[in-house]
Amino acid sequence: MGTGTSKDADGVAHDESDDRDGSLDQAGGQLYVSLKMENYKLNGKIIPHVYGSVPLVGSWDPCKALSMERESASMWELSFVVPPNHETLDFKFLLKPKYGSAPCVIEEGAHRVLSRGALQGESRLAVFRNGEETLEHKIFIKADQVSPFDLAASWRAYQENLRPSTVRGIPDVSINSAPIAGAENGSSASLELDLEHYLVPAPSTSANSGMVYAANNAENPRFTITDAAWYNSYSFKDASISSDRPPTYKGIEVVIPDPSKAYPGTGMVDSKSVGTFSPLQRQDSHRGLFVDRGVGSPRLPKSPSSSTFTFDLKHEAATKNLMPAAAGAVAAAAVADQMLGPKEDKHLAIVLVGLPARGKTFTAAKLTRYLRWLGHNTKHFNVGKYRRIKHGTIQNADFFRGDNPEGVEARNEVAALAMEDMIAWMQEGGQVGIFDATNSTRERRNMLMKMAEGNCKIIFLETLCNDKRIIERNIRLKIQQSPDYSEQPDFEAGYEDFKSRLDNYEKVYEPVEEGSYIKMIDMVSGNGGQIQVNNISGYLPGRIVFFLVNMHLTPRPILLTRHGESRYNVRSRIGGDSLLSDTGEIYSKKLSNFVEKRLKSEKAASIWTSTLQRTILTAGPIVGFPKIQWRALDEINSGVCDGMTYEEIKRNMPEEYESRKKDKLRYRYPRGESYLDVIQRLEPVIIELERQRAPVVVISHQAVLRALYAYFADRPLKEIPHIEMPLHTIIEIQMGVTGVQEKRYKLMD
Ligand code: F6P
């Protein structure tokens, strides 16, 4: 088998196998064929093409010729695999514009013939004659017999001009502390890096709302204030419960499917409207389970209670909401809960408990963001928001006294209103409600537990903090940010009032000892502390505990950037494992300068990359920080489309192209991944980013960074595949006690 090249008397390079005895002619195995044309002059408008017999193109129509790709400034290349027992391959080179066929110049001379791995005839220059003008280009043809395994392992290297990778074999964790000598185009000396100079505005929908009080992002009360129906039926005096819960929900139209209109073989049925039911009735009468399998027609399971299929289109939204828009473990857990768990387990209420200024609202906001990102339909219900609507923003400390019956009653009433809203939302498909209030007495918690009966499972989440400095910081933030003090111009007066509000709460505070609970004791600083869990089981509660153990509010930046421009980016090819282009290499040096400057006082910072060359090479010039490779940070796996351009996918696999266009979030490349798959595999990365206390620079890829960014910016799942994620731009996420803020630096165009 010929692997080398030699030059003949005319100086024309050709495959050594030609000179030997047809050594490629071995049983017609699978061939990897590489055709190259040397050409310094082509300007990119006229491109070398190849056309010919099966299995190359199967047509001598110049319109169908395959375009060669620019491999370097002077070399064009086309490589392909010829199946085992292939036909004789005959072909020719031609010059023509990328799209369209004219003007088209076909090489002179006979067809080039490759038969059973051996090239027949001499390997000659390609000669093109266009009127008076004659062009001669050197041709290099290689045909190697390869096993499928070799092929898989080597194709990427071939794509990279047979150049061995410069990064393979480096350990998962590395640190290069030596300064880089003589860096071209981007050395510290040649790159003036004034951070402010590179600052660009973040898009308006992004995470630039860090100064917004977290509670303000909570669910807006749905009820304009009427009295809380349920609350009025509840007697606190004897702590008994009225058995008739007033019907506070409006009837909702429900459609029952007409089985006679079932679509044969699909289990799908037409639906018709037959009347109105309360949401509770509605739930009971619909036990059909819709499992979202991604793109395509829904596959509908049979109702366990009847021989018909239970599915209706209007009900789809509600039922679908019970299923998270998620993949893998999250979806599996949701299905298991749907099928096996008690009814109320389908809905989970995380009920915060704690004195004011213990970080409850920030914990609630963070947890909401995390669960939403995983695909759980989650909402934050802040009782303070209800109180402000019902009773106004200005309530002095007396309103919060435990021995002020009107105050206690008013507060219980707004808590019941918020709980009613939350349950109503769950009955419309909401999955996890985060109920944010002090809930600091047993009596209040009893009321909530009674309301939850038959509707949702409650887990109390108590935040206890004994660190006086943290409490003091939280109090100050509260005076600055809470709408409760927005009309109090005098900081000191606000401060005094809030301190006596706190005293009032402390007098009646009863720690949680009942039901299922998670107690976080002195954990907000991220310096240890304690977490106690009682009577907690199940997938989601387990994930919540894990998240809470790892999160903290220590401020630190997280820098997100794509790798520098890759050779595949230049050729509009997706996936692959290509090297950086020249521009990409310049970015890697600029990035290194940026990181050096931005993190110069951050000894413990670290650099995270994927395991693909383009991110590792982008991190290359950065010195002095540990570099960690994560497989989870690899680009979305585009499966059989890996290495193609979008144009090629559209042309060769139009159904795949259309399916992805229709639902980019759920669409899974054949033998590859969907965005939902990517989100799923990024969860450990998010947990680790939450847990880290020092800055982290994440150098990854477009799809992966969209998913990570959406977490910090709290962007809905459906938007993730469409988030703008430009090259050569750093998104700095500042994590802190007030939430998340964003800055963007564009280092290059
Ligand atoms: O084109 C660069 C790239 O990182 C590809 O490797 C990847 O398939 C693609 O972006 C992801 O973006 P999209 O989901 O928009 O195709």
# chains A, B, ... in the order shown; residues from 1 in each chain; ligands from 1

$ residues_near_ligand --ligand "ligand 1" --cutoff "9 Å" --atoms "only C-alpha atoms and all ligand atoms" --output "MDAnalysis selection string"
chainID A and resid 562 566 568:569 572:577 635:638 641:643 645:646 660 664:665 674:675 700:704 706 721:723

$ select_by_dssp --residues "segment 611-656 of chain A" --states "strand (DSSP E or B)" --output "PDB file with N, CA, C and O atoms, in the first residue's frame"
ATOM      1  N   LYS A 627      -5.078  24.125  34.376  1.00  0.00           N
ATOM      2  CA  LYS A 627      -6.034  23.945  33.277  1.00  0.00           C
ATOM      3  C   LYS A 627      -6.656  22.565  33.422  1.00  0.00           C
ATOM      4  O   LYS A 627      -5.940  21.580  33.606  1.00  0.00           O
ATOM      5  N   ILE A 628      -7.949  22.534  33.310  1.00  0.00           N
ATOM      6  CA  ILE A 628      -8.660  21.272  33.518  1.00  0.00           C
ATOM      7  C   ILE A 628      -9.507  20.971  32.287  1.00  0.00           C
ATOM      8  O   ILE A 628     -10.260  21.831  31.831  1.00  0.00           O
ATOM      9  N   GLN A 629      -9.344  19.762  31.755  1.00  0.00           N
ATOM     10  CA  GLN A 629     -10.140  19.358  30.590  1.00  0.00           C
ATOM     11  C   GLN A 629     -11.388  18.618  31.059  1.00  0.00           C
ATOM     12  O   GLN A 629     -11.282  17.705  31.873  1.00  0.00           O
ATOM     13  N   THR A 645     -21.150  20.959   6.421  1.00  0.00           N
ATOM     14  CA  THR A 645     -21.624  22.345   6.526  1.00  0.00           C
ATOM     15  C   THR A 645     -23.154  22.275   6.616  1.00  0.00           C
ATOM     16  O   THR A 645     -23.763  21.271   6.240  1.00  0.00           O
TER      17      THR A 645
END

$ closest_residue --among "A:Gln431, A:Leu355, A:Val383, A:Gly529" --to "Ile471 of chain A" --atoms "only C-alpha atoms"
A:Leu355
